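For reference, final_21.pdb is printed below; it contains PDB, C-alpha atoms and all ligand atoms.
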ATOM      1  CA  MET I  66     104.927 130.131 -53.014
ATOM      2  CA  ASN I  67     106.259 133.654 -52.691
ATOM      3  CA  VAL I  68     109.747 133.754 -54.147
ATOM      4  CA  THR I  69     111.748 136.939 -54.399
ATOM      5  CA  VAL I  70     114.312 136.775 -57.156
ATOM      6  CA  LEU I  71     117.313 139.013 -56.665
ATOM      7  CA  THR I  72     118.881 140.009 -59.939
ATOM      8  CA  GLY I  73     121.466 142.486 -61.174
ATOM      9  CA  ALA I  74     121.673 145.623 -59.090
ATOM     10  CA  SER I  75     119.529 144.361 -56.211
ATOM     11  CA  LEU I  76     121.730 141.255 -55.898
ATOM     12  CA  ALA I  77     124.898 143.349 -55.857
ATOM     13  CA  LEU I  78     123.333 145.608 -53.240
ATOM     14  CA  ALA I  79     122.404 142.649 -51.072
ATOM     15  CA  PHE I  80     126.013 141.426 -51.094
ATOM     16  CA  THR I  81     127.590 144.798 -50.362
ATOM     17  CA  ALA I  82     125.172 145.759 -47.610
ATOM     18  CA  GLY I  83     127.728 144.277 -45.191
ATOM     19  CA  SER I  84     126.880 143.851 -41.550
ATOM     20  CA  ALA I  85     123.196 144.617 -42.125
ATOM     21  CA  LEU I  86     122.923 141.148 -43.664
ATOM     22  CA  ALA I  87     123.936 137.882 -42.089
ATOM     23  CA  ASP I  88     126.773 136.266 -44.037
ATOM     24  CA  LYS I  89     127.208 132.541 -44.693
ATOM     25  CA  TRP I  90     130.442 130.568 -44.956
ATOM     26  CA  ASP I  91     130.639 127.048 -46.321
ATOM     27  CA  MET I  92     133.347 125.089 -44.486
ATOM     28  CA  ALA I  93     135.064 122.286 -46.409
ATOM     29  CA  LEU I  94     135.997 119.166 -44.418
ATOM     30  CA  ALA I  95     137.641 116.039 -45.825
ATOM     31  CA  TYR I  96     136.804 113.476 -43.156
ATOM     32  CA  SER I  97     133.570 111.679 -42.329
ATOM     33  CA  ALA I  98     130.810 113.492 -40.448
ATOM     34  CA  THR I  99     131.070 111.109 -37.480
ATOM     35  CA  ASN I 100     134.830 111.549 -37.020
ATOM     36  CA  TYR I 101     135.722 113.703 -33.997
ATOM     37  CA  HIS I 102     137.540 116.249 -36.186
ATOM     38  CA  SER I 103     134.327 116.839 -38.163
ATOM     39  CA  GLU I 104     132.053 116.721 -35.118
ATOM     40  CA  ILE I 105     134.122 119.344 -33.324
ATOM     41  CA  ALA I 106     134.309 121.474 -36.481
ATOM     42  CA  ALA I 107     130.489 121.349 -36.548
ATOM     43  CA  GLU I 108     130.393 122.467 -32.889
ATOM     44  CA  PHE I 109     132.826 125.276 -33.746
ATOM     45  CA  ALA I 110     130.551 126.333 -36.628
ATOM     46  CA  ALA I 111     127.476 126.217 -34.384
ATOM     47  CA  GLU I 112     129.195 128.342 -31.730
ATOM     48  CA  VAL I 113     130.105 131.027 -34.286
ATOM     49  CA  THR I 114     126.630 130.915 -35.828
ATOM     50  CA  ALA I 115     124.965 131.311 -32.424
ATOM     51  CA  ASN I 116     127.137 134.232 -31.347
ATOM     52  CA  SER I 117     127.579 136.337 -34.488
ATOM     53  CA  GLU I 118     125.931 137.460 -37.706
ATOM     54  CA  LEU I 119     128.034 134.890 -39.551
ATOM     55  CA  GLU I 120     126.593 131.465 -40.262
ATOM     56  CA  ILE I 121     129.128 128.675 -40.823
ATOM     57  CA  VAL I 122     127.887 125.480 -42.465
ATOM     58  CA  THR I 123     130.168 122.422 -42.463
ATOM     59  CA  HIS I 124     130.440 120.024 -45.411
ATOM     60  CA  PRO I 125     132.170 116.828 -44.197
ATOM     61  CA  GLY I 126     133.444 113.823 -46.143
ATOM     62  CA  GLY I 127     134.930 115.854 -48.991
ATOM     63  CA  SER I 128     131.418 116.769 -50.169
ATOM     64  CA  LEU I 129     132.323 120.390 -50.987
ATOM     65  CA  PHE I 130     135.960 119.825 -51.989
ATOM     66  CA  GLY I 131     137.966 116.612 -51.736
ATOM     67  CA  GLY I 132     140.781 116.524 -49.164
ATOM     68  CA  SER I 133     143.485 117.171 -51.743
ATOM     69  CA  GLU I 134     141.602 120.243 -53.062
ATOM     70  CA  ILE I 135     140.712 122.016 -49.834
ATOM     71  CA  PHE I 136     143.938 123.984 -49.282
ATOM     72  CA  GLY I 137     143.875 125.372 -52.844
ATOM     73  CA  ALA I 138     140.150 126.090 -52.624
ATOM     74  CA  VAL I 139     140.556 128.162 -49.452
ATOM     75  CA  ARG I 140     143.581 129.979 -50.883
ATOM     76  CA  LYS I 141     141.622 130.933 -53.960
ATOM     77  CA  GLY I 142     138.551 131.873 -51.937
ATOM     78  CA  LEU I 143     136.405 129.163 -53.556
ATOM     79  CA  ALA I 144     135.665 128.120 -49.983
ATOM     80  CA  PRO I 145     136.137 130.814 -47.293
ATOM     81  CA  ILE I 146     137.089 128.259 -44.643
ATOM     82  CA  GLY I 147     138.277 124.647 -44.585
ATOM     83  CA  GLU I 148     140.208 121.962 -42.760
ATOM     84  CA  ARG I 149     143.296 120.219 -44.150
ATOM     85  CA  LEU I 150     145.795 117.590 -43.075
ATOM     86  CA  ILE I 151     148.847 119.854 -42.673
ATOM     87  CA  SER I 152     151.544 117.327 -43.562
ATOM     88  CA  ALA I 153     150.066 116.764 -47.024
ATOM     89  CA  LEU I 154     151.284 120.286 -47.927
ATOM     90  CA  GLY I 155     155.012 119.527 -47.855
ATOM     91  CA  ASN I 156     155.436 120.616 -51.476
ATOM     92  CA  ASP I 157     154.431 124.141 -50.459
ATOM     93  CA  ASP I 158     156.764 124.306 -47.459
ATOM     94  CA  ALA I 159     158.673 121.695 -45.443
ATOM     95  CA  ILE I 160     157.484 123.295 -42.192
ATOM     96  CA  TYR I 161     154.030 121.847 -42.869
ATOM     97  CA  GLU I 162     155.547 118.374 -42.425
ATOM     98  CA  VAL I 163     157.059 118.864 -38.983
ATOM     99  CA  ASP I 164     154.300 116.874 -37.255
ATOM    100  CA  SER I 165     155.075 113.855 -39.469
ATOM    101  CA  VAL I 166     158.804 113.653 -38.942
ATOM    102  CA  PRO I 167     159.057 109.960 -38.006
ATOM    103  CA  PHE I 168     159.518 109.151 -34.317
ATOM    104  CA  LEU I 169     160.127 112.786 -33.348
ATOM    105  CA  ALA I 170     156.957 113.036 -31.243
ATOM    106  CA  SER I 171     155.047 109.819 -30.767
ATOM    107  CA  GLY I 172     152.758 110.584 -27.805
ATOM    108  CA  PHE I 173     150.201 113.305 -27.129
ATOM    109  CA  ALA I 174     152.341 115.341 -24.707
ATOM    110  CA  ASP I 175     155.286 115.496 -27.122
ATOM    111  CA  ALA I 176     152.975 116.210 -30.062
ATOM    112  CA  LYS I 177     151.507 119.130 -28.110
ATOM    113  CA  ALA I 178     154.959 120.459 -27.286
ATOM    114  CA  LEU I 179     156.001 120.154 -30.935
ATOM    115  CA  TYR I 180     152.832 121.982 -31.977
ATOM    116  CA  GLU I 181     153.504 124.811 -29.535
ATOM    117  CA  VAL I 182     157.088 125.362 -30.660
ATOM    118  CA  SER I 183     156.239 125.146 -34.376
ATOM    119  CA  LYS I 184     153.041 127.210 -34.290
ATOM    120  CA  PRO I 185     154.656 130.640 -34.937
ATOM    121  CA  ALA I 186     156.402 129.266 -38.046
ATOM    122  CA  LEU I 187     153.172 127.609 -39.193
ATOM    123  CA  ILE I 188     151.148 130.812 -38.785
ATOM    124  CA  GLU I 189     153.800 132.878 -40.567
ATOM    125  CA  THR I 190     153.990 130.431 -43.467
ATOM    126  CA  LEU I 191     150.201 130.481 -43.799
ATOM    127  CA  GLU I 192     150.160 134.282 -43.696
ATOM    128  CA  GLU I 193     152.637 134.364 -46.567
ATOM    129  CA  ALA I 194     150.060 132.290 -48.463
ATOM    130  CA  ARG I 195     147.381 134.844 -47.416
ATOM    131  CA  LEU I 196     145.643 132.428 -45.090
ATOM    132  CA  HIS I 197     144.494 132.976 -41.534
ATOM    133  CA  PHE I 198     145.136 130.109 -39.103
ATOM    134  CA  LEU I 199     142.392 129.201 -36.605
ATOM    135  CA  TYR I 200     143.166 125.923 -34.839
ATOM    136  CA  SER I 201     144.892 122.579 -35.158
ATOM    137  CA  CYS I 202     143.982 119.143 -33.818
ATOM    138  CA  PRO I 203     145.922 115.860 -33.866
ATOM    139  CA  TRP I 204     145.166 112.390 -35.121
ATOM    140  CA  PRO I 205     146.073 109.616 -32.663
ATOM    141  CA  PRO I 206     149.542 107.991 -32.993
ATOM    142  CA  GLN I 207     150.065 106.361 -36.360
ATOM    143  CA  GLY I 208     150.118 102.578 -36.690
ATOM    144  CA  PHE I 209     150.679 100.149 -39.538
ATOM    145  CA  TYR I 210     147.835  98.260 -41.223
ATOM    146  CA  SER I 211     148.556  95.236 -43.368
ATOM    147  CA  VAL I 212     146.543  92.529 -45.108
ATOM    148  CA  GLN I 213     149.172  90.034 -43.962
ATOM    149  CA  ALA I 214     151.326  89.549 -40.894
ATOM    150  CA  ALA I 215     154.350  91.872 -41.084
ATOM    151  CA  ASP I 216     157.050  89.794 -39.402
ATOM    152  CA  SER I 217     159.799  90.659 -41.873
ATOM    153  CA  LEU I 218     160.537  92.987 -44.787
ATOM    154  CA  ASP I 219     159.817  90.056 -47.115
ATOM    155  CA  ASP I 220     156.273  89.908 -45.773
ATOM    156  CA  VAL I 221     155.521  93.494 -46.761
ATOM    157  CA  SER I 222     157.654  93.631 -49.897
ATOM    158  CA  GLY I 223     155.580  94.728 -52.897
ATOM    159  CA  LEU I 224     152.396  95.479 -50.921
ATOM    160  CA  LYS I 225     150.317  98.266 -52.396
ATOM    161  CA  PHE I 226     150.479 100.978 -49.757
ATOM    162  CA  ARG I 227     147.937 103.760 -49.268
ATOM    163  CA  ALA I 228     149.761 107.047 -48.618
ATOM    164  CA  TYR I 229     148.284 110.359 -47.376
ATOM    165  CA  ASN I 230     151.392 112.532 -47.629
ATOM    166  CA  ALA I 231     154.984 112.450 -48.899
ATOM    167  CA  THR I 232     156.320 111.032 -45.632
ATOM    168  CA  THR I 233     154.035 108.002 -45.746
ATOM    169  CA  SER I 234     154.948 107.455 -49.431
ATOM    170  CA  LYS I 235     158.663 107.536 -48.620
ATOM    171  CA  MET I 236     158.259 105.300 -45.565
ATOM    172  CA  ALA I 237     156.529 102.782 -47.823
ATOM    173  CA  GLU I 238     159.270 102.926 -50.447
ATOM    174  CA  GLY I 239     161.972 102.572 -47.830
ATOM    175  CA  LEU I 240     160.243  99.422 -46.556
ATOM    176  CA  GLY I 241     159.866  97.948 -50.051
ATOM    177  CA  MET I 242     156.166  98.713 -50.572
ATOM    178  CA  VAL I 243     154.500 100.517 -53.466
ATOM    179  CA  PRO I 244     152.733 103.755 -52.445
ATOM    180  CA  THR I 245     149.679 105.417 -53.994
ATOM    181  CA  LYS I 246     148.086 108.597 -52.611
ATOM    182  CA  ILE I 247     144.468 108.024 -51.625
ATOM    183  CA  GLU I 248     142.226 110.317 -49.572
ATOM    184  CA  ALA I 249     140.477 108.857 -46.522
ATOM    185  CA  ALA I 250     137.075 109.278 -48.212
ATOM    186  CA  GLU I 251     138.124 106.695 -50.847
ATOM    187  CA  LEU I 252     139.818 104.338 -48.437
ATOM    188  CA  ALA I 253     137.278 101.545 -48.001
ATOM    189  CA  GLN I 254     136.908 101.197 -51.729
ATOM    190  CA  ALA I 255     140.678 101.123 -52.256
ATOM    191  CA  PHE I 256     141.091  98.261 -49.790
ATOM    192  CA  ALA I 257     137.985  96.452 -51.057
ATOM    193  CA  THR I 258     139.328  96.439 -54.614
ATOM    194  CA  GLY I 259     142.949  95.599 -53.714
ATOM    195  CA  VAL I 260     144.252  99.000 -54.849
ATOM    196  CA  ALA I 261     145.579  99.277 -51.282
ATOM    197  CA  GLN I 262     146.865  96.462 -49.025
ATOM    198  CA  SER I 263     148.642  98.384 -46.299
ATOM    199  CA  MET I 264     148.880 101.877 -44.827
ATOM    200  CA  ILE I 265     150.162 103.989 -41.974
ATOM    201  CA  SER I 266     147.352 105.850 -40.202
ATOM    202  CA  SER I 267     145.605 106.136 -36.864
ATOM    203  CA  GLY I 268     143.047 103.782 -35.392
ATOM    204  CA  SER I 269     140.607 106.621 -35.983
ATOM    205  CA  THR I 270     140.665 106.427 -39.767
ATOM    206  CA  GLY I 271     140.681 102.616 -39.798
ATOM    207  CA  TYR I 272     137.642 102.683 -37.529
ATOM    208  CA  ASP I 273     135.786 105.262 -39.648
ATOM    209  CA  ARG I 274     136.314 103.137 -42.743
ATOM    210  CA  LYS I 275     135.656  99.752 -41.059
ATOM    211  CA  LEU I 276     139.009  98.491 -42.274
ATOM    212  CA  TRP I 277     138.568  95.186 -40.427
ATOM    213  CA  GLU I 278     136.386  94.190 -43.359
ATOM    214  CA  HIS I 279     139.522  94.170 -45.541
ATOM    215  CA  VAL I 280     142.636  94.151 -43.327
ATOM    216  CA  ASP I 281     143.601  91.633 -40.641
ATOM    217  CA  PHE I 282     146.630  93.204 -38.949
ATOM    218  CA  TYR I 283     147.160  96.443 -37.032
ATOM    219  CA  TYR I 284     150.535  97.294 -35.469
ATOM    220  CA  ASP I 285     150.715 100.092 -32.911
ATOM    221  CA  VAL I 286     153.897 101.752 -34.228
ATOM    222  CA  LYS I 287     153.365 105.266 -32.788
ATOM    223  CA  ALA I 288     155.289 106.727 -35.709
ATOM    224  CA  TRP I 289     154.001 110.326 -35.256
ATOM    225  CA  LEU I 290     150.783 112.297 -34.633
ATOM    226  CA  PRO I 291     149.861 114.297 -37.737
ATOM    227  CA  ARG I 292     147.496 117.228 -37.345
ATOM    228  CA  ASN I 293     144.658 118.853 -39.236
ATOM    229  CA  MET I 294     144.308 122.630 -39.256
ATOM    230  CA  VAL I 295     141.399 124.942 -39.872
ATOM    231  CA  ILE I 296     142.238 127.910 -42.076
ATOM    232  CA  VAL I 297     140.391 130.930 -43.475
ATOM    233  CA  ASN I 298     140.928 132.738 -46.747
ATOM    234  CA  GLY I 299     142.838 135.950 -45.910
ATOM    235  CA  LYS I 300     140.468 138.298 -47.726
ATOM    236  CA  ALA I 301     137.383 136.670 -46.213
ATOM    237  CA  TRP I 302     138.981 137.079 -42.775
ATOM    238  CA  LYS I 303     139.778 140.765 -43.301
ATOM    239  CA  ARG I 304     136.230 141.488 -44.413
ATOM    240  CA  LEU I 305     134.905 140.507 -40.959
ATOM    241  CA  ASP I 306     134.435 143.104 -38.241
ATOM    242  CA  GLU I 307     136.526 142.785 -35.089
ATOM    243  CA  ALA I 308     133.721 141.434 -32.925
ATOM    244  CA  THR I 309     133.042 138.592 -35.359
ATOM    245  CA  GLN I 310     136.755 137.812 -35.585
ATOM    246  CA  ALA I 311     136.919 137.660 -31.784
ATOM    247  CA  THR I 312     133.913 135.322 -31.651
ATOM    248  CA  ILE I 313     135.587 133.026 -34.182
ATOM    249  CA  GLU I 314     138.914 133.018 -32.320
ATOM    250  CA  THR I 315     137.134 132.062 -29.083
ATOM    251  CA  ALA I 316     135.234 129.257 -30.788
ATOM    252  CA  ALA I 317     138.504 128.095 -32.411
ATOM    253  CA  ALA I 318     140.303 127.971 -29.054
ATOM    254  CA  ASN I 319     137.410 125.993 -27.558
ATOM    255  CA  ALA I 320     137.416 123.580 -30.491
ATOM    256  CA  GLU I 321     141.172 123.058 -30.284
ATOM    257  CA  ALA I 322     141.095 122.234 -26.563
ATOM    258  CA  LYS I 323     138.148 119.859 -26.977
ATOM    259  CA  CYS I 324     139.690 118.166 -29.994
ATOM    260  CA  TRP I 325     143.054 117.400 -28.376
ATOM    261  CA  ALA I 326     141.262 115.883 -25.394
ATOM    262  CA  LYS I 327     138.939 113.851 -27.621
ATOM    263  CA  ALA I 328     141.775 112.447 -29.741
ATOM    264  CA  GLU I 329     143.561 111.198 -26.646
ATOM    265  CA  GLU I 330     140.376 109.836 -25.092
ATOM    266  CA  LEU I 331     139.458 107.874 -28.230
ATOM    267  CA  ASP I 332     142.944 106.569 -29.089
ATOM    268  CA  SER I 333     142.816 103.208 -27.298
ATOM    269  CA  TRP I 334     139.045 102.868 -27.823
ATOM    270  CA  TYR I 335     139.550 102.736 -31.591
ATOM    271  CA  VAL I 336     142.060  99.936 -31.274
ATOM    272  CA  GLU I 337     139.717  98.014 -28.965
ATOM    273  CA  GLN I 338     137.125  98.140 -31.740
ATOM    274  CA  PHE I 339     139.639  96.466 -34.064
ATOM    275  CA  GLU I 340     140.023  93.571 -31.647
ATOM    276  CA  ALA I 341     136.263  93.356 -31.145
ATOM    277  CA  ASN I 342     135.933  93.045 -34.922
ATOM    278  CA  GLY I 343     138.485  90.252 -35.222
ATOM    279  CA  MET I 344     141.655  92.085 -36.249
ATOM    280  CA  THR I 345     145.008  90.976 -34.859
ATOM    281  CA  VAL I 346     146.401  93.918 -32.910
ATOM    282  CA  GLY I 347     149.947  94.137 -31.599
ATOM    283  CA  THR I 348     153.313  95.796 -31.948
ATOM    284  CA  LEU I 349     156.000  95.169 -34.558
ATOM    285  CA  ASN I 350     158.680  92.650 -33.677
ATOM    286  CA  ALA I 351     162.092  94.110 -32.827
ATOM    287  CA  ASP I 352     163.506  93.589 -36.343
ATOM    288  CA  MET I 353     160.598  95.289 -38.049
ATOM    289  CA  GLN I 354     160.528  98.094 -35.506
ATOM    290  CA  ALA I 355     164.216  98.638 -36.290
ATOM    291  CA  GLU I 356     163.417  98.786 -40.033
ATOM    292  CA  PHE I 357     160.741 101.434 -39.422
ATOM    293  CA  GLN I 358     163.235 103.349 -37.260
ATOM    294  CA  ARG I 359     165.926 103.067 -39.953
ATOM    295  CA  VAL I 360     163.709 104.503 -42.681
ATOM    296  CA  GLY I 361     162.333 107.053 -40.221
ATOM    297  CA  ALA I 362     165.840 108.319 -39.415
ATOM    298  CA  GLU I 363     166.610 108.747 -43.130
ATOM    299  CA  LEU I 364     163.427 110.733 -43.609
ATOM    300  CA  ARG I 365     164.181 112.858 -40.587
ATOM    301  CA  ASP I 366     167.574 113.834 -42.047
ATOM    302  CA  ALA I 367     166.032 114.518 -45.449
ATOM    303  CA  TRP I 368     163.327 116.679 -43.868
ATOM    304  CA  LEU I 369     165.837 118.745 -41.942
ATOM    305  CA  GLU I 370     167.827 119.353 -45.084
ATOM    306  CA  ARG I 371     164.739 120.692 -46.839
ATOM    307  CA  ALA I 372     163.406 122.632 -43.852
ATOM    308  CA  GLY I 373     166.780 124.360 -43.286
ATOM    309  CA  ASP I 374     167.215 126.911 -40.489
ATOM    310  CA  LYS I 375     163.483 127.226 -39.943
ATOM    311  CA  GLY I 376     163.265 123.468 -39.318
ATOM    312  CA  GLN I 377     166.378 123.383 -37.136
ATOM    313  CA  ALA I 378     165.019 126.217 -34.984
ATOM    314  CA  VAL I 379     161.837 124.233 -34.370
ATOM    315  CA  LEU I 380     163.791 121.074 -33.486
ATOM    316  CA  ASP I 381     166.016 123.043 -31.104
ATOM    317  CA  ALA I 382     163.014 124.634 -29.387
ATOM    318  CA  PHE I 383     161.363 121.220 -29.125
ATOM    319  CA  ALA I 384     164.465 119.643 -27.575
ATOM    320  CA  ALA I 385     164.718 122.547 -25.096
ATOM    321  CA  LYS I 386     161.066 122.123 -24.146
ATOM    322  CA  GLN I 387     161.469 118.383 -23.617
ATOM    323  CA  GLY I 388     164.535 118.972 -21.474
ATOM    324  CA  SER I 389     162.837 121.612 -19.366
TER
HETATM  325  N1  LIG D 401     144.045 109.799 -40.527
HETATM  326  C1  LIG D 401     144.174 110.587 -41.723
HETATM  327  C2  LIG D 401     145.493 111.254 -41.613
HETATM  328  C3  LIG D 401     146.159 110.686 -40.433
HETATM  329  C4  LIG D 401     145.150 109.831 -39.799
HETATM  330  O1  LIG D 401     145.276 109.253 -38.739
HETATM  331  C5  LIG D 401     144.152 109.730 -42.944
HETATM  332  O2  LIG D 401     144.480 108.545 -42.868
HETATM  333  O3  LIG D 401     143.859 110.264 -44.012
END

Please go through the file and, once you have read it, give me the structure as structure tokens.
Ligand code: PCA
Amino acid sequence: MNVTVLTGASLALAFTAGSALADKWDMALAYSATNYHSEIAAEFAAEVTANSELEIVTHPGGSLFGGSEIFGAVRKGLAPIGERLISALGNDDAIYEVDSVPFLASGFADAKALYEVSKPALIETLEEARLHFLYSCPWPPQGFYSVQAADSLDDVSGLKFRAYNATTSKMAEGLGMVPTKIEAAELAQAFATGVAQSMISSGSTGYDRKLWEHVDFYYDVKAWLPRNMVIVNGKAWKRLDEATQATIETAAANAEAKCWAKAEELDSWYVEQFEANGMTVGTLNADMQAEFQRVGAELRDAWLERAGDKGQAVLDAFAAKQGS
């Protein structure tokens, strides 16, 4: 075998030679390779690789960095590019949680409108963190999974609830459940071992993790449509030449359009798979729906208080768009 070992000066030279050498970016993804978010990210990476000197290689399922580490890893440049569930970043800025304000936007058209009106604030907030925004794609409307029928608050009281952000944790507490943060990659194990007995998520994640093996009930609550976003480390972005940046932006726009369409197309299909696998699928009864709405309204007020003028401006623009 003929192996050339680059050491010291020759290695440094190889890395500074710039455009003469093809560059490679590892892209950190939290969700399973077969999920549409990851599949479309892989298509995005392939499009960039085919049309530029930059090769992007995706690492799904938290294999490069776990979901909770990806934002920090991209900020620090440990990964040049990655995808993160935006609403899990509420500690950094309340604007990241706008897509998970309960019952604000519960269908795809409203979620798209909310995305459009909040996008400038999102991009600005990311820029302050020295990150470049590429695209954002929704999860289907969020439903409620439970190991037992949820006909009353008593039924769910004390259930161990799997949370993926602060809003889901607070929803759980408001409904008398006990939240623990668990990434999707660890979900099946959490339900198998009884660490989790309920959660709010989309049919997509329940399908990926075959939750029917552990959970019997799915309620189509349509609480909100949270989104993932793909972000690039600011320095890594600035190092690219303009043509490469343009190729990436085009691939990002293509990925975003495809991903929104795919999420909507798959939404009811996922839930059909639950029924086919023996889960009981339905909607909450009126009392329970009212309880979810009650807690949701409290969280909405609390969010607005934290998000201040920036949050109010987004809500006003959203209301204007809905009215138009
Ligand atoms: N799936 C992701 C976030 C929202 C969703 O539908 C998850 O459960 O981690």

Exercise answer, 6 Å around ligand LIG 401 (chain D) with only C-alpha atoms and all ligand atoms, as a PyMOL selection string: chain I and resi 204+229+248-249+266-267+270+291

Residues around (135.0, 124.4, -34.5), cut-off 7 Å, counting only C-alpha atoms - what are they as number ranges by chain? I: 105-110, 316-317, 320

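Against this structure, the PyMOL selection byres (((chain I and resi 167) around 7) and not hetatm) ends up with Ser165, Val166, Phe168, Leu169, Ala288, Trp289, Gly361 and Arg365 of chain I.
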
List the neighbours of Glu112 of chain I out to 12 Å using only C-alpha atoms; skip same-chain residues closer than 6 positions along the sequence, and give me the result as an MDAnalysis selection string. chainID I and resid 105:106 118:122 309 312:320

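In this structure, atom CA of Leu94 of chain I sits 26.5 Å away from atom CA of Glu337 of chain I.
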
Asp381 of chain I proximity check over I:Ser183, I:Ser333, I:Ser269, I:Thr190, using all atoms listed in the file: winner is I:Ser183

Quote the spacing between atom CA of Pro203 of chain I and atom CA of Asn298 of chain I in Å to one decimal place. 21.8 Å

Please evaluate the PyMOL selection byres (((chain I and resi 345-347) around 9) and not hetatm) against the displayed coordinates and give the resulting residues as a ChimeraX atom specification. /I:214,281-286,336-337,339-340,343-344,348-349

Among listed residues I:Asp220, I:Lys300, I:Ile135, I:Ile160, nearest Val182 of chain I (using all atoms listed in the file): I:Ile160

Axis-aligned box over every listed atom of segment 317-333 of chain I, padded by 4 Å per side: centre and edges in Å to one decimal, as JSON?
{"center_x": 140.5, "center_y": 115.7, "center_z": -28.8, "size_x": 14.2, "size_y": 32.9, "size_z": 15.3}

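For the file at hand, the PyMOL selection byres (((chain I and resi 201) around 8) and not hetatm) resolves to I:Leu199, I:Tyr200, I:Cys202, I:Pro203, I:Arg292, I:Asn293, I:Met294, I:Val295, I:Glu321.
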
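Using only C-alpha atoms for every distance, the candidate list I:Ala362, I:Ala95, I:Ile265, I:Val297 yields I:Ile265 as the residue closest to Ser234 of chain I.
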
At a cut-off of 12 Å, using all atoms listed in the file, what residues contact Ala301 of chain I? Leave out same-chain residues fewer than 5 positions from it and give the result as a count of residues only. 20

Compare I:Leu252, I:Ile151, I:Leu218, I:Ala257 by their minimum atom-to-atom distance to Tyr272 of chain I, counting all atoms listed in the file, and give me the closest one. I:Leu252

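When atom CA of Met92 of chain I is paired with atom CA of Leu191 of chain I, their separation reads 17.7 Å.
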
At a cut-off of 10 Å from (154.6, 120.5, -41.1) in the coordinates of the file, what residues are picked up using only C-alpha atoms, written as a VMD selection string? chain I and resid 150 to 155 158 to 166 180 183 to 184 186 to 187 291 to 292 368 372 376
